[in-house]
Amino acid sequence: LGNVGMMTIIMTDPRLNTPMYFFLGNLSFIDLFYSSVIAPKAMINFWSESKSISFAGCVTQLFLFALFIVAEGFLLAVMAYDRFIAICNPLLYSVQMSTRLCIQLVAGSYFCGCISSVLLTSVTFTLSFCASRAIDHFYCDYRPLQRISCSDLYFHKMVSFFLCSIIILPTIIVIIVSYIYIVSMVLKIRSSEGRKKAFSTCSSHLGVVSVLYGAIIFMYVIPDRFPELSKVASLCYTLVTPMLNPLIYSLRNKDVKEALRKILGKKI
């Protein structure tokens with residue numbers, strides 16, 4: 001409801017026809033779909049005695065989840081770059097963040113997600129599953145699948161680590177560098193009102209980044225020694241983050257709240 005509501009508000013209010021809300025609309029789209037890949041099946045398994053998934057269903061779930069979670073990582077980096085341009089070069093913002101560039105950045109995020117997902121899924125399902133077929137997790141993820149495989153995992157772990165490195169490191173670097181420039185620029189603003197407005201623009205994005213990347217780093221970068229804690233981390237970025245994102249952006253965003261009041265006023 002939160003993500004569908006956010007997309008509806010952004011599409012119906014012409015005042016929100018800006019790069020920031022274009023990216024935010026795509027973030028809501030990604031959150032809606034990657035949580036929907038996992039939540040319905042997980043809920044069915046919680047309530048039914050037969051907690052099973054077909055091989056094709058497992059492949060599809062891992063592929064779609066990897067696609068959307070990687071796309072979200074790149075999109076958050078794009079949003080950090082967008083805030084950097086908006087605050088550090090406000091006079092050139094409309095020129096630099098053109099409609100064409102925005103579409104290319106979003107398309108690039110989905111493309112990177114698709115390529116990563118194809119590689120991860122194909123590598124994972126070349127494994128042999130000759131022992132237990134009970135996945136110790138609430139969805140098909142590559143680490144729990146590796147645990148029940150009887151294949152040599154060295155190559156697969158190297159590929160997985162390489163993918164995590166080329167996805168997580170560049171996006172985190174873009175986010176950190178963007179925010180270093182943003183903070184240095186904001187501290188130069190003399191008025192406290194101006195500083196407050198600039199920081200409030202970025203705090204929502206920074207909150208979302210912290211929750212998502214904290215859980216992902218714990219899940220995929222730290223060695224797989226705590227499977228129970230991994231489930232908690234997975235719960236954070238598969239269900240909690242997609243639920244919190246629209247709340248964080250709507251409650252802390254004056255434009256979104258005004259657009260929502262306008263829509264509700266028309267309905268009443």
# chains A, B, ... in the order shown; residues from 1 in each chain; ligands from 1

$ residues_around --residues "A:Val37" --least-positions-apart "3" --cutoff "12 Å" --atoms "only C-alpha atoms" --output "list in words"
Ile30, Asp31, Leu32, Phe33, Tyr34, Pro40, Lys41, Ala42, Met43, Gly57, Cys58, Val59, Thr60, Gln61, Leu62, Phe63, Leu64, Phe65, Ala66, Leu67, Phe68, Ile69, Phe138, Tyr139, Cys140, Asp141, Thr238 and Leu239 of chain A

$ write_last_selection --atoms "N, CA, C and O atoms" --output "short mmCIF file (atom, residue, chain, number, x, y, z; two decimals), in the first residue's frame"
data_model
loop_
_atom_site.label_atom_id
_atom_site.label_comp_id
_atom_site.auth_asym_id
_atom_site.auth_seq_id
_atom_site.Cartn_x
_atom_site.Cartn_y
_atom_site.Cartn_z
N ILE A 30 10.63 -0.91 -7.23
CA ILE A 30 11.55 -2.01 -6.89
C ILE A 30 11.18 -2.62 -5.55
O ILE A 30 11.12 -3.85 -5.40
N ASP A 31 10.91 -1.77 -4.54
CA ASP A 31 10.53 -2.27 -3.21
C ASP A 31 9.28 -3.13 -3.27
O ASP A 31 9.20 -4.17 -2.63
N LEU A 32 8.31 -2.66 -4.05
CA LEU A 32 7.05 -3.39 -4.18
C LEU A 32 7.29 -4.78 -4.76
O LEU A 32 6.77 -5.78 -4.24
N PHE A 33 8.11 -4.87 -5.80
CA PHE A 33 8.28 -6.14 -6.50
C PHE A 33 9.22 -7.10 -5.77
O PHE A 33 8.96 -8.29 -5.72
N TYR A 34 10.32 -6.59 -5.20
CA TYR A 34 11.22 -7.58 -4.59
C TYR A 34 10.69 -8.10 -3.27
O TYR A 34 10.98 -9.23 -2.88
N PRO A 40 4.73 -13.33 -0.17
CA PRO A 40 3.58 -14.24 -0.30
C PRO A 40 3.94 -15.71 -0.05
O PRO A 40 3.23 -16.41 0.68
N LYS A 41 5.06 -16.17 -0.66
CA LYS A 41 5.46 -17.57 -0.48
C LYS A 41 5.87 -17.84 0.97
O LYS A 41 5.57 -18.91 1.53
N ALA A 42 6.56 -16.88 1.58
CA ALA A 42 6.97 -17.04 2.98
C ALA A 42 5.75 -17.15 3.90
O ALA A 42 5.71 -17.98 4.81
N MET A 43 4.72 -16.33 3.64
CA MET A 43 3.50 -16.37 4.46
C MET A 43 2.76 -17.70 4.29
O MET A 43 2.25 -18.27 5.26
N GLY A 57 10.41 -22.72 -9.18
CA GLY A 57 10.00 -21.61 -8.31
C GLY A 57 11.19 -21.05 -7.56
O GLY A 57 11.31 -19.82 -7.38
N CYS A 58 12.09 -21.92 -7.11
CA CYS A 58 13.29 -21.50 -6.39
C CYS A 58 14.22 -20.69 -7.30
O CYS A 58 14.74 -19.65 -6.90
N VAL A 59 14.40 -21.17 -8.54
CA VAL A 59 15.23 -20.45 -9.52
C VAL A 59 14.65 -19.06 -9.79
O VAL A 59 15.37 -18.05 -9.78
N THR A 60 13.34 -19.01 -10.02
CA THR A 60 12.66 -17.74 -10.31
C THR A 60 12.78 -16.77 -9.14
O THR A 60 13.04 -15.58 -9.33
N GLN A 61 12.58 -17.29 -7.93
CA GLN A 61 12.64 -16.43 -6.74
C GLN A 61 14.03 -15.83 -6.56
O GLN A 61 14.16 -14.62 -6.32
N LEU A 62 15.07 -16.66 -6.70
CA LEU A 62 16.44 -16.14 -6.56
C LEU A 62 16.76 -15.14 -7.66
O LEU A 62 17.35 -14.08 -7.40
N PHE A 63 16.35 -15.44 -8.90
CA PHE A 63 16.65 -14.55 -10.03
C PHE A 63 16.00 -13.17 -9.84
O PHE A 63 16.66 -12.14 -9.96
N LEU A 64 14.70 -13.16 -9.53
CA LEU A 64 13.99 -11.89 -9.39
C LEU A 64 14.46 -11.10 -8.18
O LEU A 64 14.61 -9.88 -8.24
N PHE A 65 14.70 -11.82 -7.07
CA PHE A 65 15.16 -11.12 -5.88
C PHE A 65 16.52 -10.48 -6.12
O PHE A 65 16.73 -9.30 -5.78
N ALA A 66 17.46 -11.23 -6.71
CA ALA A 66 18.80 -10.69 -6.99
C ALA A 66 18.71 -9.50 -7.95
O ALA A 66 19.39 -8.48 -7.76
N LEU A 67 17.85 -9.60 -8.96
CA LEU A 67 17.67 -8.50 -9.93
C LEU A 67 17.25 -7.22 -9.23
O LEU A 67 17.88 -6.16 -9.40
N PHE A 68 16.21 -7.30 -8.40
CA PHE A 68 15.65 -6.09 -7.78
C PHE A 68 16.54 -5.54 -6.66
O PHE A 68 16.65 -4.32 -6.51
N ILE A 69 17.18 -6.42 -5.88
CA ILE A 69 18.02 -5.93 -4.78
C ILE A 69 19.27 -5.24 -5.30
O ILE A 69 19.71 -4.21 -4.77
N PHE A 138 13.85 -18.69 4.80
CA PHE A 138 12.44 -18.51 4.43
C PHE A 138 12.26 -18.12 2.96
O PHE A 138 11.15 -17.84 2.52
N TYR A 139 13.36 -18.11 2.20
CA TYR A 139 13.27 -17.96 0.74
C TYR A 139 14.54 -18.53 0.13
O TYR A 139 15.49 -18.87 0.84
N CYS A 140 14.55 -18.67 -1.20
CA CYS A 140 15.70 -19.26 -1.89
C CYS A 140 16.78 -18.20 -2.08
O CYS A 140 16.65 -17.32 -2.94
N ASP A 141 17.82 -18.29 -1.28
CA ASP A 141 18.97 -17.40 -1.40
C ASP A 141 20.22 -18.25 -1.63
O ASP A 141 20.23 -19.43 -1.29
N THR A 238 14.36 -7.60 3.18
CA THR A 238 13.35 -8.16 2.28
C THR A 238 11.94 -7.66 2.60
O THR A 238 11.12 -7.51 1.70
N LEU A 239 11.67 -7.39 3.87
CA LEU A 239 10.31 -6.99 4.26
C LEU A 239 10.25 -5.67 5.01
O LEU A 239 9.38 -4.84 4.74
#

$ residues_around --residues "A:Tyr21" --least-positions-apart "2" --cutoff "10 Å" --atoms "only C-alpha atoms" --output "VMD selection string"
chain A and resid 6 to 7 9 to 11 15 to 19 23 to 27 79 256

$ write_last_selection --atoms "C-alpha atoms" --output "short mmCIF file (atom, residue, chain, number, x, y, z; two decimals), in the first residue's frame"
data_model
loop_
_atom_site.label_atom_id
_atom_site.label_comp_id
_atom_site.auth_asym_id
_atom_site.auth_seq_id
_atom_site.Cartn_x
_atom_site.Cartn_y
_atom_site.Cartn_z
CA MET A 6 3.92 6.66 -3.34
CA MET A 7 3.95 5.77 -7.06
CA ILE A 9 1.19 10.37 -5.78
CA ILE A 10 4.31 10.89 -7.91
CA MET A 11 2.51 10.05 -11.18
CA ARG A 15 4.73 19.33 -9.06
CA LEU A 16 6.57 16.08 -8.36
CA ASN A 17 7.73 15.78 -11.97
CA THR A 18 11.42 16.17 -11.00
CA PRO A 19 14.46 13.84 -11.14
CA PHE A 23 14.07 8.05 -8.84
CA LEU A 24 11.85 7.76 -5.76
CA GLY A 25 9.02 6.34 -7.88
CA ASN A 26 11.38 3.70 -9.27
CA LEU A 27 12.58 2.92 -5.73
CA MET A 79 19.86 9.14 -5.76
CA VAL A 256 4.74 14.43 -0.78
#

$ closest_atom_pairs --of "stretch 5-99 of chain A" --to "stretch 165-173 of chain A" --cutoff "7 Å" --atoms "only C-alpha atoms" --output "Markdown table"
| residue | atom | partner | partner_atom | distance |
| --- | --- | --- | --- | --- |
| A:Gly73 | CA | A:Thr171 | CA | 6.7 |
| A:Phe74 | CA | A:Thr171 | CA | 6.0 |
| A:Ala77 | CA | A:Thr171 | CA | 5.3 |

$ atom_distance --atom1 "atom CA of A:Leu163" --atom2 "atom CA of A:Leu127"
17.4 Å
